[in-house]
Structures are given as structure tokens and as C-alpha cells.
There are 2 protein chains.
Amino acid sequence: MERRDFLTKGSLGVAAAAATTAVGSHLASPAIAAGKKKWIAVSAFGKAGLLGQAFEEFAKFVASASEGRLTIKVYHAGELVKPFEAIDAVQTGTAQMGFGAPYYWAGKSDAISFVAAMPYGLTAQEQNAWCYYGGGIEVADKTAYKPLGLKFLPCGNTGNQMGGWYAKEVNTVADLEGLKFRMPGIGGEILKTFGVNVVLLPGAEVLPALTSGAIDGTEWIGPAADLGKGLFKVVQNYYYPGWHEPATILDGFLDLKEWESLDDSLKAIVTQGAAALNFFVLSKFQAVNNDALQKLMKEHKVTLRPYSDELLKAIGERATEVIPTLAKRSPEATELYNHIVGFRRTMNDWSGYSERAFLEARGAADFKEV
Amino acid sequence: MERRDFLTKGSLGVAAAAATTAVGSHLASPAIAAGKKKWIAVSAFGKAGLLGQAFEEFAKFVASASEGRLTIKVYHAGELVKPFEAIDAVQTGTAQMGFGAPYYWAGKSDAISFVAAMPYGLTAQEQNAWCYYGGGIEVADKTAYKPLGLKFLPCGNTGNQMGGWYAKEVNTVADLEGLKFRMPGIGGEILKTFGVNVVLLPGAEVLPALTSGAIDGTEWIGPAADLGKGLFKVVQNYYYPGWHEPATILDGFLDLKEWESLDDSLKAIVTQGAAALNFFVLSKFQAVNNDALQKLMKEHKVTLRPYSDELLKAIGERATEVIPTLAKRSPEATELYNHIVGFRRTMNDWSGYSERAFLEARGAADFKEV
């Protein structure tokens with residue numbers, strides 16, 4: 001459980017708010033009446049947010065496309081089980097599908113956190129190339145999900161996150177020493193080695209802790225989620241980029257036997273519906289982050305600050321020491337880490353010549369409406 | 001027709017090779033037998049390539065998900081009509097769906113090329129945010145597709161293209177003067193203003209023209225397509241980034257009445273299937289470009305060269321003069337251009353703080369397999 005606490009990242013936050021105890025006992029097992037399958041799906045995210053809405057759209061699509069041959073009843077965070085118990089619900093047969101973030105299930109697998117994100121790792125576009133055409137889904141299934149009796153389908157991506165909120169500027173490695181900073185997960189493990197007092201806090205306690213000065217700063221998610229959380233009311237130094245989560249895959253996980261029992265038509269509907277969900281979530285995060293960023297800068301006078309070259313270089317080098325130790329904890333973790341690292345090495349070239357070079361050149365053209 | 005020639009871009013090339021005359025006369029109209037709909041789809045791309053395969057997968061998905069309620073018979077480039085006649089086939093009712101690139105239909109609409117790509121415009125990730133959550137599909141339908149009796153669905157994206165192949169280095173604006181260079185579309189219009197002798201050539205004539213010295217260089221697509229075309233055998237200076245096509249949307253277009261006649265279940269299947277197709281094509285281009293780039297650099301000793309700051313700045317500034325004149329040709333083109341420009345302005349901020357800043361920082365970590 002220690003490892004789970006250490007790697008489980010509550011920063012998608014929406015999950016933590018509405019936790020209740022499990023009330024699964026009144027539920028019937030999945031019914032197959034007149035050839036119709038009924039699934040229960042449990043989500044680690046709240047109903048009201050972008051992710052809750054998107055997951056409901058997915059369930060609606062499956063029912064509509066299949067003309068009711070497969071219907072999925074969605075229970076959002078806390079409605080049936082606690083957010084972080086979604087995986088147990090699927091493993092015990094209470095539900096047939098779950099939705100969350102892979103590092104939520106770090107207590108179950110040494111490998112699974114690598115599916116979500118790796119500091120200084122892959123961008124969202126690269127993760128999707130890896131998942132669908134780089135053997136990513138296969139190796140994630142082999143090393144992380146199949147051993148848990150599950151089938152993995154990528155069901156969303158946050159895209160690049162922001163680097164976090166700081167009461168005071170941080171420019172040098174010396175500025176990190178003694179800093180009280182909230183950053184769960186692998187990123188926090190790296191910061192600890194610089195003398196940062198890494199604090200783990202549930203989502204609901206972050207703003208109070210920041211207000212009281214119990215912490216000097218926190219990473220959260222990205223502009224849209226951060227705006228809603230009101231962090232700008234307390235601290236105004238907003239750092240970029242999110243080196244600790246260049247992009248975070250959200251996972252759909254299915255009871256492996258249920259998955260295998262689907263006919264080809266239903267498999268196609270679930271697979272393509274999940275891919276569309278993945279794509280829509282990423283696209284929506286980009287669109288809403290953009291709007292929120294404008295608001296943070298223009299209405300709330302937040303100061304965007306780049307992490308200094310000194311910090312990005314020192315943290316990046318340290319990442320190459322800390323992360324391999326996590327990868328060595330099991331053969332499965334090693335295989336998955338190596339697979340990602342190999343893909344990343346070459347993709348670093350291509351993205352450098354394409355996305356990066358283009359984004360650096362684009363500012364030369366300042367188009368005006370006509 | 002002049003405008004069509006000038007804006008239609010043959011650079012996806014696969015289309016041009018297999019053109020034949022239209023042989024649509026033997027085809028029956030779409031049948032609705034026993035509640036089953038049968039569509040004919042015409043593609044502007046060849047059967048063998050990545051796009052031909054992906055479009056067949058889409059048709060297979062629709063048939064499987066709908067359990068045969070809607071089947072789509074795919075005709076690749078030249079199998080039923082010439083590649084660039086796909087839109088006529090849908091408009092005349094020979095086919096119910098088409099697949100191509102929006103700038104192929106520039107002869108039909110002053111606005112439609114802006115849907116595909118704009119020099120110094122949006123990246124693929126931004127285009128998808130624009131399409132699905134920025135009002136992009138709606139404004140494209142309003143200004144470009146609905147006036148042609150069509151419904152637009154994004155069905156693919158090339159991602160960032162490469163800047164092109166040059167016999168000799170080009171470093172300064174003076175180096176452009178008198179250069180014989182193949183670049184169709186808006187990019188070519190911009191280069192003309194620098195004294196470039198912009199040459200338009202069908203795909204099949206590019207390699208011979210480069211070999212004979214009839215042209216000094218050509219843009220093509222990206223590493224995977226360029227490797228297959230063998231351009232490295234003749235010239236070795238491979239420039240980046242593809243400022244002229246930061247990403248190119250491929251379009252699915254449906255007969256508007258056919259689209260509206262679908263029930264909700266089939267609409268859901270076609271919409272989500274098209275979104276998955278869009279997503280898979282982009283992801284696959286990234287994965288295969290990466291592999292091909294490694295091969296070009298390591299096996300074929302191609303030299304990758306960045307466009308100089310001088311060139312990127314001068315061309316970018318010129319783009320802000322040339323493109324608005326194209327946007328003023330009709331109220332529809334103006335509305336679409338303005339919509340994209342507004343979205344781009346703010347997205348430029350967010351992508352700068354996220355993707356760009358992260359890609360610039362990432363090199364600090366050089367992970368090794370364990």
C-alpha cells in the first residue's frame with residue numbers, strides 16, 4: 001500500500017471529492033436477456049467534469065450504435081464505489097468496465113504507472129502513435145493489464161499539463177531546497193532528491209493548505225482545471241511546461257473474459273468508441289485549456305513563468321537516475337519502460353523536426369482578420 | 001478551372017497515379033433493401049497506401065458495427081472515377097460518400113482550401129481542437145460543404161509535413177530568386193512572390209524532373225511517403241519544418257440528403273467511425289514517419305537542414321500578405337479564414353506554453369534501457 005500511495009496521483013482531482021463507501025451488493029450480475037448485454041461501468045472521475053460527460057457520451061454511443069445489444073450503465077466517482085476502487089470493482093465482477101488513470105492502480109502493478117505518463121516522456125500525439133501503431137496497447141496489456149485479468153483501451157489524454165503554482169519564484173536548484181511542494185507520483189520522487197519537502201494531499205485540501213502557507217506551491221493539471229480550482233486567488237506564479245506529465249493517458253479497462261465474450265460487431269463498437277473517446281477528450285482539453293489560459297492571463301493577472309534552463313536540465317538529468325530504479329522493480333515494469341524508452345528515442349527526432357521546429361517558426365506570421 | 005489548378009495540391013500524390021475515366025454509368029442507385037442501406041464511396045487516394053487501407057477499415061467498421069444495416073463499397077482512386085472527380089461523383093449521386101483532401105476541391109469553393117491547411121497555421125492537435133470543440137466542423141459545413149450539398153467529416157490528418165528536397169542549400173531570401181521549385185497550393189503562391197519559378201507537376205513526373213534538373217527541388221509530404229518515392233536518390237538536402245502545411249486535414253464528404261436520411265444509430269456509427277479514422281490516420285503517419293526518418297538519416301545519408309531564421313521570418317511575413325487576398329475572394333472564404341485566424345491566435349499561446357516548451361525541455365533527459 002505504501003507504493004500505491006507514493007505513486008497514485010490524485011492530481012486529476014475530480015475523483016477524490018465524491019468518495020463514498022462501496023454499495024455494490026444490491027447489483028445483479030451482467031444480464032444477457034434476449035441477446036442483450038448489460039454492463040456496469042465505474043469511473044474514477046466525477047460526473048460533472050469534462051471526463052464524466054465524455055464517458056457518458058461513450059456509453060450513449062455504444063447503446064445507440066449497437067441498437068441496445070450492449071448497454072453500459074455508468075457510475076461516476078463515489079456513486080457505486082470509491083474512485084480508487086474502480087479497478088477492484090471490475091476485478092471482482094461487480095462491474096465489467098472501469099475508467100480512470102493508470103497510476104491510480106499503482107498498488108496493483110509495478111508496471112502500470114508507466115502507461116499513464118513518464119516525466120520527460122512522450123507527448124499526447126506520440127503516445128497515440130505508440131498505443132495504436134507502436135505496439136503500445138499490446139505491451140501494456142502484456143505487462144500490466146492482462147496479469148490483472150483486464151483488457152486495456154486508451155480512453156482519454158490530458159495533453160501536456162502545466163508545471164505548477166508557486167508562492168515565490170524558483171529559478172535555481174538552490175531554490176528547491178526546503179520547498180514545501182505538493183507533487184504526487186514520479187515527479188514528486190524526483191523533486192525529493194533535490195531536498196524538496198514533497199507533500200501528498202487529497203485534492204480538497206490543496207487550496208486550504210496553499211492559503212495557510214502549509215505548502216509553498218502545488219502542481220495541479222492544466223489551465224482549465226486550475227482555473228476552476230481557484231488557485232490563482234492565492235498564488236500567481238504559474239510555471240510551464242509540465243515536465244512531470246508531458247501528457248497523461250486515461251485508461252478504460254475491461255473484464256478480460258467479458259471482453260473476449262463480445263462478438264466481432266460489439267468488439268468493433270467498443271474499440272472504435274473508446275478510440276473516439278480518447279481523441280475527443282484530448283481535443284476538448286486543448287480547446288478548454290486555451291480559453292482558460294486567456295482568462296487566467298487577462299482577467300486574473302496570473303504571471304506565466306518558464307522553468308529556468310538550469311532547473312529543466314538538472315531535473316531532467318535526475319529523472320534518468322530515479323525512473324530506472326522504478327523500472328527495475330519487476331520484469332514487467334522493465335519490459336514496459338524499455339519499450340517506451342525505445343519509442344521515445346526515435347520519436348524525439350521526428351517531433352523535433354516537425355512539431356517543435358514548426359512551433360518555433362510559427363510566430364513569424366501574425367495573421368489578422370480581414 | 002485556373003483557380004482549381006492553382007490551389008489543388010497533388011502532393012498527396014498517391015491519388016494522381018491511377019487516374020482513369022469515369023465509368024459510373026453501370027452503377028445502380030443506392031439501394032435500401034430490407035432496411036439495409038448500401039453506399040458507394042469514392043476515394044481520391046490509391047488502394048495500396050496508408051490512406052486506402054485506413055478508409056477500407058472504416059467501411060469494414062461501419063458494416064460490422066451496424067450488422068449490415070449500412071454497408072459502404074469503397075472505390076479507390078481511378079477505380080470508378082478519377083481522383084479529383086470524387087466530389088463530382090458525390091454531387092451527382094453516383095456515390096454517397098467521398099474521401100480526399102479539401103484543397104482538391106478548390107475549383108468548387110473559394111473557402112474549402114482553408115479547411116485543409118494554412119501556411120504557418122494550426123498543428124494537427126490544434127486542428128482537432130478546432131474541429132470538434134472550436135466550432136470548426138460547423139463553420140466548414142456552413143462556408144464550404146453545405147453550399148455544395150455536402151456534409152463534412154474530418155477523416156484523417158497528415159500531421160506536420162516536411163519542408164522539401166533541394167539540390168543545393170538555400171539559406172537566404174536571395175537564394176530563392178530564380179529557383180525552379182515544385183510546390184502547389186498556397187505555399188507556392190507565397191514562394192512566387194520571392195521570384196521562385198513555381199512549377200506544378202503531377203506526382204508521377206516529380207522524380208524524373210528532379211533527375212533531369214528540370215526542377216531544383218520539390219516539397220512532397222513527409223518522411224514515410226518521401227522515402228517510398230525515392231527522392232533521396234537524386235537530392236540529399238531535406239529541409240524542415242513544413243511551414244506550408246503544418247498539418248493537413250483529409251476530408252470525408254457525404255451527400256447531405258443521404259446523411260440526413262440516416263437514423264440516429266447509423267449517424268452515431270458514421271460520426272464516431274470517421275473520428276476514429278481521423279485519429280488513426282494521424283497516429284499512423286506519426287509512427288511511420290518516425291521509422292522512415294531514421295532510415296533516411298542512417299541508411300540513405302540524407303542531410304536534414306533547418307530552414308534558416310531569415311527564410312522562415314521572411315516567408316511568414318509574406319504569408320500574412322498573400323493569404324488574406326485569397327480570403328477576400330468570397331464572404332464564405334472570409335468567414336472561414338477569420339474563424340481559423342481567431343482560433344490560431346489564442347492557441348498559439350497555449351501550444352507555446354505546453355507542447356513547444358516541453359519539446360524544447362525534453363532533451364535534458366536521455367533515458368537508457370535497463
# chains A, B, ... in the order shown; residues from 1 in each chain; ligands from 1

$ interface_residues --of "chain B" --to "chain A" --cutoff "6 Å" --atoms "only C-alpha atoms" --output "mmCIF file with C-alpha atoms, in the first residue's frame"
data_model
loop_
_atom_site.group_PDB
_atom_site.id
_atom_site.type_symbol
_atom_site.label_atom_id
_atom_site.label_comp_id
_atom_site.auth_asym_id
_atom_site.auth_seq_id
_atom_site.Cartn_x
_atom_site.Cartn_y
_atom_site.Cartn_z
ATOM 1 C CA SER B 64 -19.678 -4.621 -38.681
ATOM 2 C CA ALA B 65 -20.984 -2.152 -36.107
ATOM 3 C CA TYR B 120 2.002 28.963 -40.596
ATOM 4 C CA ASN B 128 -8.705 18.695 -33.954
ATOM 5 C CA ALA B 129 -9.475 21.001 -31.026
ATOM 6 C CA TYR B 133 -14.667 21.831 -29.821
ATOM 7 C CA ASN B 160 3.284 18.275 -39.907
ATOM 8 C CA PRO B 241 9.792 22.251 -40.925
ATOM 9 C CA SER B 265 -27.809 4.816 -34.665
ATOM 10 C CA ILE B 269 -21.649 4.868 -36.193
ATOM 11 C CA ALA B 275 -13.446 10.399 -35.850
ATOM 12 C CA ALA B 276 -11.575 7.156 -35.192
ATOM 13 C CA SER B 283 -1.327 8.357 -35.297
ATOM 14 C CA LYS B 284 -0.126 6.065 -38.067
ATOM 15 C CA GLN B 286 3.457 9.812 -36.861
ATOM 16 C CA ALA B 287 4.577 6.231 -36.256
ATOM 17 C CA ASN B 290 9.413 8.277 -37.420
ATOM 18 C CA LYS B 313 10.751 35.036 -40.956
ATOM 19 C CA GLY B 316 5.987 34.049 -42.619
ATOM 20 C CA GLU B 317 5.622 37.787 -43.028
ATOM 21 C CA THR B 320 0.293 37.441 -43.880
ATOM 22 C CA ASN B 338 -11.315 34.744 -39.871
ATOM 23 C CA MET B 347 -3.947 28.547 -29.474
ATOM 24 C CA TRP B 350 -1.361 27.590 -25.172
ATOM 25 C CA SER B 354 2.732 23.401 -23.422
ATOM 26 C CA ARG B 356 6.574 23.786 -27.608
ATOM 27 C CA ALA B 357 8.094 24.451 -24.188
ATOM 28 C CA PHE B 358 8.010 20.764 -23.314
ATOM 29 C CA ARG B 362 12.821 17.222 -23.160
ATOM 30 C CA ALA B 364 17.678 17.202 -20.926
ATOM 31 C CA ALA B 365 16.691 13.610 -20.170
ATOM 32 C CA PHE B 367 16.830 7.683 -20.903
ATOM 33 C CA GLU B 369 17.064 0.918 -21.431
#

$ residues_around --residues "His76 (chain A)" --least-positions-apart "5" --cutoff "6 Å" --atoms "only C-alpha atoms" --output "list of chain:residue names"
A:Ser43, A:Gly46, A:Lys47

$ write_last_selection --atoms "N, CA and C atoms" --output "PDB file, in the first residue's frame"
ATOM      1  N   SER A  43     -16.434   4.716 -12.866  1.00  0.00           N
ATOM      2  CA  SER A  43     -15.452   5.730 -13.228  1.00  0.00           C
ATOM      3  C   SER A  43     -14.791   6.303 -11.982  1.00  0.00           C
ATOM      4  N   GLY A  46     -15.470  12.423 -11.441  1.00  0.00           N
ATOM      5  CA  GLY A  46     -16.774  12.962 -11.082  1.00  0.00           C
ATOM      6  C   GLY A  46     -17.696  13.107 -12.278  1.00  0.00           C
ATOM      7  N   LYS A  47     -18.987  13.161 -12.011  1.00  0.00           N
ATOM      8  CA  LYS A  47     -19.988  13.209 -13.073  1.00  0.00           C
ATOM      9  C   LYS A  47     -19.949  14.525 -13.850  1.00  0.00           C
TER      10      LYS A  47
END

$ atom_distance --atom1 "CA of Ser212 (chain A)" --atom2 "CA of Glu169 (chain A)"
18.3 Å

$ atom_distance --atom1 "CA of Leu207 (chain A)" --atom2 "CA of Gly49 (chain A)"
18.7 Å

$ select_by_dssp --residues "region 106-319 of chain A" --states "strand (DSSP E)" --output "ChimeraX atom specification"
/A:150-157,164-166,180-182,197-199,217-218,237-240,249-255,303-306

$ write_last_selection --atoms "N, CA and C atoms" --output "mmCIF file, in the first residue's frame"
data_model
loop_
_atom_site.group_PDB
_atom_site.id
_atom_site.type_symbol
_atom_site.label_atom_id
_atom_site.label_comp_id
_atom_site.auth_asym_id
_atom_site.auth_seq_id
_atom_site.Cartn_x
_atom_site.Cartn_y
_atom_site.Cartn_z
ATOM 1 N N LEU A 150 -7.446 -8.047 -16.962
ATOM 2 C CA LEU A 150 -8.100 -6.908 -17.612
ATOM 3 C C LEU A 150 -7.628 -6.720 -19.048
ATOM 4 N N LYS A 151 -8.449 -6.035 -19.831
ATOM 5 C CA LYS A 151 -8.101 -5.597 -21.185
ATOM 6 C C LYS A 151 -8.063 -4.063 -21.185
ATOM 7 N N PHE A 152 -6.962 -3.513 -21.736
ATOM 8 C CA PHE A 152 -6.734 -2.060 -21.732
ATOM 9 C C PHE A 152 -7.188 -1.409 -23.028
ATOM 10 N N LEU A 153 -7.922 -0.301 -22.896
ATOM 11 C CA LEU A 153 -8.221 0.563 -24.044
ATOM 12 C C LEU A 153 -7.956 2.010 -23.630
ATOM 13 N N PRO A 154 -7.077 2.714 -24.341
ATOM 14 C CA PRO A 154 -6.871 4.133 -24.008
ATOM 15 C C PRO A 154 -8.197 4.878 -24.196
ATOM 16 N N CYS A 155 -8.600 5.663 -23.199
ATOM 17 C CA CYS A 155 -9.910 6.322 -23.257
ATOM 18 C C CYS A 155 -9.824 7.819 -22.998
ATOM 19 N N GLY A 156 -8.661 8.395 -23.136
ATOM 20 C CA GLY A 156 -8.551 9.840 -22.957
ATOM 21 C C GLY A 156 -7.114 10.220 -22.733
ATOM 22 N N ASN A 157 -6.849 11.521 -22.834
ATOM 23 C CA ASN A 157 -5.496 12.032 -22.643
ATOM 24 C C ASN A 157 -5.610 13.493 -22.228
ATOM 25 N N GLY A 164 2.943 23.969 -12.528
ATOM 26 C CA GLY A 164 2.518 24.193 -11.160
ATOM 27 C C GLY A 164 2.545 25.648 -10.712
ATOM 28 N N TRP A 165 1.978 25.850 -9.507
ATOM 29 C CA TRP A 165 1.791 27.170 -8.902
ATOM 30 C C TRP A 165 2.778 27.358 -7.750
ATOM 31 N N TYR A 166 3.430 28.503 -7.687
ATOM 32 C CA TYR A 166 4.442 28.763 -6.659
ATOM 33 C C TYR A 166 4.183 30.126 -6.017
ATOM 34 N N LYS A 180 8.233 23.429 0.358
ATOM 35 C CA LYS A 180 7.131 22.504 0.652
ATOM 36 C C LYS A 180 6.196 22.497 -0.555
ATOM 37 N N PHE A 181 6.245 21.438 -1.323
ATOM 38 C CA PHE A 181 5.545 21.425 -2.606
ATOM 39 C C PHE A 181 4.739 20.150 -2.759
ATOM 40 N N ARG A 182 3.524 20.314 -3.232
ATOM 41 C CA ARG A 182 2.671 19.153 -3.479
ATOM 42 C C ARG A 182 2.864 18.665 -4.913
ATOM 43 N N ASN A 197 10.536 19.224 0.172
ATOM 44 C CA ASN A 197 9.659 18.545 1.107
ATOM 45 C C ASN A 197 8.359 18.245 0.362
ATOM 46 N N VAL A 198 8.305 17.073 -0.269
ATOM 47 C CA VAL A 198 7.159 16.744 -1.121
ATOM 48 C C VAL A 198 5.969 16.331 -0.255
ATOM 49 N N VAL A 199 4.882 17.036 -0.409
ATOM 50 C CA VAL A 199 3.692 16.837 0.405
ATOM 51 C C VAL A 199 2.625 16.153 -0.438
ATOM 52 N N GLY A 217 3.573 25.647 -2.649
ATOM 53 C CA GLY A 217 3.135 25.540 -4.029
ATOM 54 C C GLY A 217 2.595 24.161 -4.317
ATOM 55 N N THR A 218 2.024 24.010 -5.505
ATOM 56 C CA THR A 218 1.433 22.734 -5.899
ATOM 57 C C THR A 218 1.371 22.644 -7.412
ATOM 58 N N ASN A 237 2.349 32.822 -9.448
ATOM 59 C CA ASN A 237 3.434 32.361 -10.320
ATOM 60 C C ASN A 237 3.079 30.990 -10.890
ATOM 61 N N TYR A 238 2.802 30.992 -12.196
ATOM 62 C CA TYR A 238 2.291 29.773 -12.838
ATOM 63 C C TYR A 238 3.359 29.286 -13.820
ATOM 64 N N TYR A 239 3.971 28.157 -13.490
ATOM 65 C CA TYR A 239 5.141 27.683 -14.246
ATOM 66 C C TYR A 239 4.780 26.710 -15.361
ATOM 67 N N TYR A 240 5.592 26.734 -16.401
ATOM 68 C CA TYR A 240 5.466 25.807 -17.512
ATOM 69 C C TYR A 240 6.859 25.402 -17.953
ATOM 70 N N ILE A 249 -2.161 9.498 -20.241
ATOM 71 C CA ILE A 249 -3.181 8.604 -20.806
ATOM 72 C C ILE A 249 -4.189 8.235 -19.720
ATOM 73 N N LEU A 250 -5.467 8.294 -20.053
ATOM 74 C CA LEU A 250 -6.516 7.794 -19.162
ATOM 75 C C LEU A 250 -6.927 6.419 -19.670
ATOM 76 N N ASP A 251 -7.224 5.534 -18.740
ATOM 77 C CA ASP A 251 -7.456 4.151 -19.167
ATOM 78 C C ASP A 251 -8.892 3.682 -18.997
ATOM 79 N N GLY A 252 -9.354 2.989 -20.022
ATOM 80 C CA GLY A 252 -10.528 2.136 -19.896
ATOM 81 C C GLY A 252 -10.005 0.730 -19.657
ATOM 82 N N PHE A 253 -10.622 0.013 -18.728
ATOM 83 C CA PHE A 253 -10.187 -1.378 -18.504
ATOM 84 C C PHE A 253 -11.413 -2.255 -18.391
ATOM 85 N N LEU A 254 -11.352 -3.375 -19.112
ATOM 86 C CA LEU A 254 -12.497 -4.274 -19.210
ATOM 87 C C LEU A 254 -12.152 -5.600 -18.559
ATOM 88 N N ASP A 255 -13.139 -6.206 -17.951
ATOM 89 C CA ASP A 255 -13.004 -7.595 -17.512
ATOM 90 C C ASP A 255 -12.621 -8.416 -18.741
ATOM 91 N N THR A 303 0.905 35.401 -13.626
ATOM 92 C CA THR A 303 2.168 35.520 -14.360
ATOM 93 C C THR A 303 2.665 34.148 -14.785
ATOM 94 N N LEU A 304 2.749 33.954 -16.088
ATOM 95 C CA LEU A 304 3.300 32.694 -16.584
ATOM 96 C C LEU A 304 4.811 32.783 -16.601
ATOM 97 N N ARG A 305 5.448 31.801 -16.003
ATOM 98 C CA ARG A 305 6.909 31.796 -15.946
ATOM 99 C C ARG A 305 7.446 30.463 -16.465
ATOM 100 N N PRO A 306 8.464 30.537 -17.321
ATOM 101 C CA PRO A 306 9.105 29.292 -17.755
ATOM 102 C C PRO A 306 10.006 28.756 -16.649
#

$ atom_distance --atom1 "CA of Gln236 (chain B)" --atom2 "CA of Gly185 (chain B)"
23.8 Å

$ select_by_dssp --residues "region 180-344 of chain A" --states "helix (DSSP H, G or I)" --output "VMD selection string"
chain A and resid 185 to 192 203 to 212 223 to 229 231 to 233 256 to 261 264 to 298 309 to 327 331 to 344

$ closest_residue --among "A:Ala41, A:Leu296, A:Ala54, A:Leu262" --to "Ala225 (chain A)" --atoms "only C-alpha atoms"
A:Leu296

$ closest_residue --among "A:Phe45, A:Lys233, A:Ala333, A:Leu256" --to "Ala95 (chain A)" --atoms "only C-alpha atoms"
A:Leu256

$ closest_residue --among "A:Leu148, A:Met183, A:Ile137, A:Leu201" --to "Thr92 (chain A)" --atoms "only C-alpha atoms"
A:Leu148
